[in-house]
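Structure data (PDB, C-alpha atoms, pLDDT in the B column) from final.pdb:
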```pdb
MODEL        1
ATOM      1  CA  PRO A   1     140.993 117.957 -62.659  1.00 37.00           C
ATOM      2  CA  THR A   2     140.799 114.282 -61.885  1.00 41.00           C
ATOM      3  CA  ASP A   3     140.199 114.221 -58.132  1.00 52.00           C
ATOM      4  CA  ALA A   4     137.872 111.231 -58.475  1.00 57.00           C
ATOM      5  CA  PRO A   5     137.738 110.060 -62.104  1.00 63.00           C
ATOM      6  CA  PHE A   6     134.642 108.154 -63.125  1.00 68.00           C
ATOM      7  CA  ALA A   7     134.950 104.629 -64.528  1.00 73.00           C
ATOM      8  CA  ILE A   8     132.708 101.582 -64.812  1.00 74.00           C
ATOM      9  CA  PHE A   9     134.166  98.104 -65.141  1.00 79.00           C
ATOM     10  CA  ARG A  10     132.646  94.692 -65.804  1.00 78.00           C
ATOM     11  CA  TYR A  11     134.196  91.605 -64.201  1.00 86.00           C
ATOM     12  CA  ASP A  12     133.920  88.197 -65.867  1.00 86.00           C
ATOM     13  CA  LEU A  13     133.628  84.938 -63.927  1.00 91.00           C
ATOM     14  CA  ASN A  14     137.429  84.619 -63.871  1.00 92.00           C
ATOM     15  CA  GLY A  15     137.755  87.989 -62.149  1.00 91.00           C
ATOM     16  CA  GLN A  16     139.164  89.735 -65.218  1.00 92.00           C
ATOM     17  CA  ARG A  17     138.315  93.429 -65.302  1.00 90.00           C
ATOM     18  CA  GLN A  18     136.933  94.829 -68.557  1.00 83.00           C
ATOM     19  CA  PRO A  19     136.517  98.604 -68.929  1.00 79.00           C
ATOM     20  CA  VAL A  20     133.011  99.663 -69.950  1.00 72.00           C
ATOM     21  CA  PHE A  21     133.149 103.458 -69.621  1.00 70.00           C
ATOM     22  CA  ALA A  22     135.643 106.013 -68.325  1.00 72.00           C
ATOM     23  CA  ASP A  23     135.906 109.791 -68.256  1.00 68.00           C
ATOM     24  CA  ALA A  24     138.937 111.455 -66.671  1.00 66.00           C
ATOM     25  CA  ASN A  25     137.102 114.803 -66.581  1.00 61.00           C
ATOM     26  CA  ALA A  26     134.142 113.538 -64.610  1.00 63.00           C
ATOM     27  CA  HIS A  27     133.609 112.108 -61.211  1.00 59.00           C
ATOM     28  CA  ILE A  28     131.001 110.071 -59.529  1.00 60.00           C
ATOM     29  CA  GLY A  29     128.753 111.406 -56.860  1.00 63.00           C
ATOM     30  CA  ARG A  30     126.022 108.891 -56.137  1.00 65.00           C
ATOM     31  CA  ILE A  31     125.150 106.162 -58.652  1.00 65.00           C
ATOM     32  CA  VAL A  32     121.421 105.914 -59.228  1.00 70.00           C
ATOM     33  CA  VAL A  33     119.998 103.137 -61.382  1.00 67.00           C
ATOM     34  CA  LEU A  34     116.754 104.065 -63.108  1.00 68.00           C
ATOM     35  CA  PRO A  35     114.372 101.204 -62.199  1.00 65.00           C
ATOM     36  CA  SER A  36     112.043 101.781 -65.143  1.00 57.00           C
ATOM     37  CA  HIS A  37     114.826 101.940 -67.720  1.00 57.00           C
ATOM     38  CA  GLU A  38     116.941  98.854 -68.254  1.00 60.00           C
ATOM     39  CA  ASN A  39     120.678  99.464 -68.385  1.00 60.00           C
ATOM     40  CA  GLU A  40     120.517 103.199 -67.633  1.00 62.00           C
ATOM     41  CA  LEU A  41     121.909 105.032 -64.667  1.00 63.00           C
ATOM     42  CA  ILE A  42     122.607 108.551 -63.494  1.00 62.00           C
ATOM     43  CA  ALA A  43     126.133 108.664 -62.277  1.00 55.00           C
ATOM     44  CA  VAL A  44     128.342 111.347 -63.737  1.00 52.00           C
ATOM     45  CA  ARG A  45     128.714 114.881 -62.495  1.00 59.00           C
ATOM     46  CA  THR A  46     131.204 116.834 -64.548  1.00 56.00           C
ATOM     47  CA  VAL A  47     134.099 118.474 -62.755  1.00 55.00           C
ATOM     48  CA  LEU A  48     135.375 120.833 -65.433  1.00 47.00           C
ATOM     49  CA  GLY A  49     133.855 124.256 -64.895  1.00 46.00           C
ATOM     50  CA  SER A  50     132.051 122.974 -61.789  1.00 55.00           C
ATOM     51  CA  ASP A  51     128.751 123.064 -63.661  1.00 63.00           C
ATOM     52  CA  GLY A  52     127.481 119.999 -61.810  1.00 66.00           C
ATOM     53  CA  GLN A  53     125.661 118.645 -64.854  1.00 72.00           C
ATOM     54  CA  GLN A  54     124.036 115.286 -64.176  1.00 74.00           C
ATOM     55  CA  GLN A  55     124.598 112.768 -66.942  1.00 73.00           C
ATOM     56  CA  LEU A  56     122.549 109.791 -68.085  1.00 74.00           C
ATOM     57  CA  TYR A  57     124.835 106.861 -68.827  1.00 72.00           C
ATOM     58  CA  ARG A  58     123.510 104.149 -71.139  1.00 71.00           C
ATOM     59  CA  ILE A  59     125.344 100.934 -70.332  1.00 69.00           C
ATOM     60  CA  ALA A  60     124.436  99.176 -73.606  1.00 70.00           C
ATOM     61  CA  SER A  61     125.932 101.895 -75.826  1.00 73.00           C
ATOM     62  CA  GLY A  62     128.631 103.110 -73.435  1.00 70.00           C
ATOM     63  CA  GLN A  63     127.514 106.703 -74.017  1.00 74.00           C
ATOM     64  CA  ALA A  64     126.817 109.444 -71.493  1.00 74.00           C
ATOM     65  CA  GLU A  65     124.771 112.552 -72.202  1.00 77.00           C
ATOM     66  CA  PRO A  66     123.361 115.414 -70.134  1.00 78.00           C
ATOM     67  CA  LEU A  67     120.190 114.385 -68.332  1.00 79.00           C
ATOM     68  CA  PRO A  68     117.371 116.333 -70.049  1.00 81.00           C
ATOM     69  CA  GLY A  69     115.873 119.000 -67.809  1.00 83.00           C
ATOM     70  CA  ALA A  70     118.198 118.302 -64.871  1.00 81.00           C
ATOM     71  CA  PRO A  71     119.001 121.470 -62.937  1.00 80.00           C
ATOM     72  CA  THR A  72     122.607 122.655 -62.635  1.00 78.00           C
ATOM     73  CA  PRO A  73     124.666 122.615 -60.598  1.00 81.00           C
ATOM     74  CA  ALA A  74     123.043 119.511 -59.140  1.00 83.00           C
ATOM     75  CA  TYR A  75     124.208 116.584 -57.069  1.00 82.00           C
ATOM     76  CA  ASP A  76     122.850 113.798 -54.818  1.00 85.00           C
ATOM     77  CA  PRO A  77     120.306 112.351 -57.278  1.00 86.00           C
ATOM     78  CA  ALA A  78     117.527 110.095 -55.964  1.00 89.00           C
ATOM     79  CA  VAL A  79     114.952 108.200 -58.027  1.00 88.00           C
ATOM     80  CA  SER A  80     111.491 107.254 -56.772  1.00 91.00           C
ATOM     81  CA  PRO A  81     110.919 103.494 -56.404  1.00 89.00           C
ATOM     82  CA  ASP A  82     108.538 103.494 -59.379  1.00 88.00           C
ATOM     83  CA  GLY A  83     111.156 105.276 -61.507  1.00 85.00           C
ATOM     84  CA  ARG A  84     108.828 108.168 -62.401  1.00 89.00           C
ATOM     85  CA  TRP A  85     110.475 110.968 -60.369  1.00 92.00           C
ATOM     86  CA  MET A  86     113.962 112.222 -59.648  1.00 90.00           C
ATOM     87  CA  VAL A  87     115.040 114.518 -56.822  1.00 93.00           C
ATOM     88  CA  PHE A  88     118.338 116.432 -56.783  1.00 89.00           C
ATOM     89  CA  ALA A  89     120.121 118.796 -54.450  1.00 90.00           C
ATOM     90  CA  VAL A  90     120.750 122.025 -56.379  1.00 89.00           C
ATOM     91  CA  ARG A  91     123.199 124.762 -55.415  1.00 86.00           C
ATOM     92  CA  ILE A  92     121.558 128.186 -55.224  1.00 84.00           C
ATOM     93  CA  ASN A  93     123.063 131.450 -53.961  1.00 85.00           C
ATOM     94  CA  GLY A  94     125.609 129.717 -51.733  1.00 86.00           C
ATOM     95  CA  GLY A  95     123.095 127.202 -50.355  1.00 89.00           C
ATOM     96  CA  SER A  96     121.238 124.164 -51.623  1.00 92.00           C
ATOM     97  CA  ASP A  97     117.670 122.932 -51.849  1.00 95.00           C
ATOM     98  CA  LEU A  98     115.878 119.938 -53.329  1.00 96.00           C
ATOM     99  CA  TYR A  99     114.294 119.975 -56.773  1.00 95.00           C
ATOM    100  CA  THR A 100     112.166 117.338 -58.462  1.00 95.00           C
ATOM    101  CA  LEU A 101     112.013 116.387 -62.128  1.00 91.00           C
ATOM    102  CA  PRO A 102     109.823 113.833 -63.936  1.00 90.00           C
ATOM    103  CA  ALA A 103     112.022 110.975 -65.183  1.00 82.00           C
ATOM    104  CA  ALA A 104     110.303 111.292 -68.565  1.00 80.00           C
ATOM    105  CA  GLY A 105     111.536 114.883 -68.832  1.00 80.00           C
ATOM    106  CA  GLY A 106     110.198 118.290 -68.000  1.00 86.00           C
ATOM    107  CA  SER A 107     111.169 121.253 -65.900  1.00 90.00           C
ATOM    108  CA  PRO A 108     112.700 121.062 -62.418  1.00 92.00           C
ATOM    109  CA  VAL A 109     110.541 122.270 -59.511  1.00 94.00           C
ATOM    110  CA  ARG A 110     111.886 123.360 -56.125  1.00 95.00           C
ATOM    111  CA  ILE A 111     110.394 121.283 -53.276  1.00 96.00           C
ATOM    112  CA  THR A 112     112.313 122.576 -50.217  1.00 95.00           C
ATOM    113  CA  ASP A 113     113.183 126.083 -49.067  1.00 92.00           C
ATOM    114  CA  LEU A 114     115.585 125.415 -46.186  1.00 91.00           C
ATOM    115  CA  GLY A 115     118.659 126.660 -48.061  1.00 92.00           C
ATOM    116  CA  THR A 116     120.765 123.713 -46.861  1.00 93.00           C
ATOM    117  CA  ALA A 117     118.893 120.571 -48.001  1.00 94.00           C
ATOM    118  CA  ARG A 118     120.746 117.687 -49.641  1.00 92.00           C
ATOM    119  CA  ALA A 119     121.095 113.865 -49.788  1.00 92.00           C
ATOM    120  CA  PRO A 120     117.460 112.943 -50.581  1.00 94.00           C
ATOM    121  CA  VAL A 121     116.360 109.305 -50.231  1.00 93.00           C
ATOM    122  CA  PHE A 122     112.912 107.868 -50.984  1.00 94.00           C
ATOM    123  CA  SER A 123     111.298 105.323 -48.666  1.00 92.00           C
ATOM    124  CA  PRO A 124     110.908 101.887 -50.312  1.00 90.00           C
ATOM    125  CA  ASP A 125     107.208 102.548 -51.001  1.00 92.00           C
ATOM    126  CA  GLY A 126     107.860 106.100 -52.264  1.00 93.00           C
ATOM    127  CA  THR A 127     105.530 107.787 -49.766  1.00 94.00           C
ATOM    128  CA  LEU A 128     108.287 109.520 -47.781  1.00 95.00           C
ATOM    129  CA  LEU A 129     111.442 111.455 -48.588  1.00 96.00           C
ATOM    130  CA  ALA A 130     114.279 111.679 -46.073  1.00 94.00           C
ATOM    131  CA  PHE A 131     116.990 114.311 -46.475  1.00 95.00           C
ATOM    132  CA  LEU A 132     119.654 116.181 -44.571  1.00 93.00           C
ATOM    133  CA  ALA A 133     119.607 119.911 -43.839  1.00 94.00           C
ATOM    134  CA  ILE A 134     121.329 122.340 -41.493  1.00 90.00           C
ATOM    135  CA  PRO A 135     118.705 124.068 -39.327  1.00 87.00           C
ATOM    136  CA  PRO A 136     118.885 127.888 -39.200  1.00 84.00           C
ATOM    137  CA  GLY A 137     121.510 129.090 -36.730  1.00 84.00           C
ATOM    138  CA  GLU A 138     123.049 125.645 -36.260  1.00 83.00           C
ATOM    139  CA  ARG A 139     126.212 124.023 -37.577  1.00 83.00           C
ATOM    140  CA  GLY A 140     125.581 120.395 -38.459  1.00 85.00           C
ATOM    141  CA  PHE A 141     123.205 118.465 -40.649  1.00 89.00           C
ATOM    142  CA  ASP A 142     120.086 116.951 -39.146  1.00 89.00           C
ATOM    143  CA  LEU A 143     117.702 114.355 -40.552  1.00 91.00           C
ATOM    144  CA  TYR A 144     114.325 115.461 -41.941  1.00 92.00           C
ATOM    145  CA  LEU A 145     111.396 113.435 -43.257  1.00 94.00           C
ATOM    146  CA  ALA A 146     108.484 114.618 -45.407  1.00 96.00           C
ATOM    147  CA  THR A 147     105.426 112.962 -46.928  1.00 96.00           C
ATOM    148  CA  VAL A 148     105.509 112.666 -50.731  1.00 97.00           C
ATOM    149  CA  THR A 149     102.363 113.474 -52.702  1.00 95.00           C
ATOM    150  CA  VAL A 150     102.064 112.938 -56.448  1.00 93.00           C
ATOM    151  CA  ASP A 151      99.111 114.380 -58.345  1.00 91.00           C
ATOM    152  CA  ASP A 152      98.376 116.134 -61.645  1.00 87.00           C
ATOM    153  CA  GLU A 153     100.592 119.038 -60.566  1.00 87.00           C
ATOM    154  CA  GLY A 154     103.604 116.798 -59.947  1.00 91.00           C
ATOM    155  CA  LEU A 155     105.571 115.617 -56.931  1.00 94.00           C
ATOM    156  CA  ARG A 156     105.205 117.695 -53.785  1.00 95.00           C
ATOM    157  CA  LEU A 157     106.409 117.386 -50.204  1.00 96.00           C
ATOM    158  CA  GLY A 158     104.305 117.848 -47.107  1.00 95.00           C
ATOM    159  CA  PRO A 159     105.752 119.734 -44.130  1.00 94.00           C
ATOM    160  CA  SER A 160     109.142 118.319 -43.177  1.00 92.00           C
ATOM    161  CA  ARG A 161     109.669 116.875 -39.709  1.00 90.00           C
ATOM    162  CA  ARG A 162     113.063 117.103 -38.009  1.00 88.00           C
ATOM    163  CA  PHE A 163     114.195 113.767 -36.564  1.00 84.00           C
ATOM    164  CA  SER A 164     117.534 114.731 -35.067  1.00 81.00           C
ATOM    165  CA  THR A 165     119.100 117.653 -33.230  1.00 78.00           C
ATOM    166  CA  GLY A 166     122.831 118.229 -33.021  1.00 72.00           C
ATOM    167  CA  PHE A 167     123.626 114.760 -34.381  1.00 64.00           C
ATOM    168  CA  ALA A 168     121.364 113.073 -31.782  1.00 68.00           C
ATOM    169  CA  ILE A 169     117.970 111.474 -32.405  1.00 69.00           C
ATOM    170  CA  ASN A 170     115.104 113.500 -30.929  1.00 67.00           C
ATOM    171  CA  PRO A 171     113.517 111.379 -28.168  1.00 67.00           C
ATOM    172  CA  ASP A 172     110.000 112.467 -29.178  1.00 68.00           C
ATOM    173  CA  ALA A 173     110.470 112.271 -32.952  1.00 64.00           C
ATOM    174  CA  GLY A 174     108.759 108.902 -33.253  1.00 62.00           C
ATOM    175  CA  LEU A 175     111.724 107.397 -35.079  1.00 59.00           C
ATOM    176  CA  SER A 176     112.376 103.708 -34.494  1.00 57.00           C
ATOM    177  CA  TRP A 177     114.197 100.847 -36.148  1.00 54.00           C
ATOM    178  CA  THR A 178     113.239  97.191 -36.259  1.00 51.00           C
ATOM    179  CA  ARG A 179     115.056  94.155 -37.385  1.00 48.00           C
TER     180      ARG A 179
ENDMDL
END
```

Could you spell out this file's structure in structure tokens?
Amino acid sequence: PTDAPFAIFRYDLNGQRQPVFADANAHIGRIVVLPSHENELIAVRTVLGSDGQQQLYRIASGQAEPLPGAPTPAYDPAVSPDGRWMVFAVRINGGSDLYTLPAAGGSPVRITDLGTARAPVFSPDGTLLAFLAIPPGERGFDLYLATVTVDDEGLRLGPSRRFSTGFAINPDAGLSWTR
């Protein structure tokens, strides 16, 4: 299947497109550049067999390989601002939850138990993780936020706080935006 084939191109100053990497049997979910590794990114999720294997693409060599230790099937990768931790949504028994993995390798650890969590995003300072989840008995995704703690045991989340209900911001959630 090639519903959304994956390709990376480089453009020179004259606007000429030069292919760098392409795979007709893969597609792109969310591109994540690893901040602590120059010229590496996580971008490919294989389509064939629907195994959802995350791939590490090395721009310099043009090679992609399975990301060591990444859970499968996984999608929606996020990398902590310091580049030390990755978080993925992982499909489990018809649902999904978030798992963390040290960027240096290791074993994935489940950090949510909502059964519908996905789309993790770290705050710029890495102290918070926002994600979407469908609350029990409801239909649509709502926004959640949890404190991130990193210690000798790894990355953990504090209790998650729900910031929206039925696609509307909770008036008492304490959420605000500034410009």

Using only C-alpha atoms and a cutoff of 12 Å, can you tell me which residues are near (121.1, 116.1, -50.6) in the file's coordinates, and write them out as number ranges by chain?
A: 29-30, 74-78, 87-91, 95-100, 112, 114-122, 129-134, 141-144

Proximity to A:Arg58 - best of A:Leu145, A:Ile8, A:Ile111, A:Arg84, only C-alpha atoms
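Comparing A:Leu145, A:Ile8, A:Ile111, A:Arg84 against A:Arg58, the winner is A:Ile8.
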
Can you list what the PyMOL selection byres ((chain A and resi 147) around 8) grabs from this structure, as a PyMOL selection string?
chain A and resi 127-129+145-146+148-149+157-160

Prev. selection, C-alpha atoms, output as a PDB file, in the coordinates of the input:
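result.pdb was written with the following content:
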```pdb
ATOM      1  CA  THR A 127     105.530 107.787 -49.766  1.00 94.00           C
ATOM      2  CA  LEU A 128     108.287 109.520 -47.781  1.00 95.00           C
ATOM      3  CA  LEU A 129     111.442 111.455 -48.588  1.00 96.00           C
ATOM      4  CA  LEU A 145     111.396 113.435 -43.257  1.00 94.00           C
ATOM      5  CA  ALA A 146     108.484 114.618 -45.407  1.00 96.00           C
ATOM      6  CA  VAL A 148     105.509 112.666 -50.731  1.00 97.00           C
ATOM      7  CA  THR A 149     102.363 113.474 -52.702  1.00 95.00           C
ATOM      8  CA  LEU A 157     106.409 117.386 -50.204  1.00 96.00           C
ATOM      9  CA  GLY A 158     104.305 117.848 -47.107  1.00 95.00           C
ATOM     10  CA  PRO A 159     105.752 119.734 -44.130  1.00 94.00           C
ATOM     11  CA  SER A 160     109.142 118.319 -43.177  1.00 92.00           C
TER      12      SER A 160
END
```

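Here atom CA of A:Gly83 and atom CA of A:Gln18 stand 28.7 Å from one another.
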
Using only the atoms of stretch 146-163 of chain A listed in the file, plus 4 Å on each side, state the axis-aligned box centre and edge lengths in Å rounded to one decimal, as AutoDock Vina command-line options.
```
--center_x 106.3 --center_y 116.2 --center_z -49.1 --size_x 23.8 --size_y 15.1 --size_z 33.1
```

Selection near A:Val20, 10 Å with all atoms listed in the file, sequence-local residues under 2 positions removed, as a count of residues only:
13

Report as JSON, numbers by chain all protein, DNA and RNA residues lying within 10 Å of A:Ser107, evaluated on only C-alpha atoms, omitting residues in the same chain fewer than 5 positions from it.
{"A": [68, 69, 70, 71, 99, 100, 101, 102]}

Atom pair atom CA of A:Asp151 + atom CA of A:Gln53, distance 27.7 Å

Between atom CA of A:Val150 and atom CA of A:Pro81 lies a distance of 12.9 Å
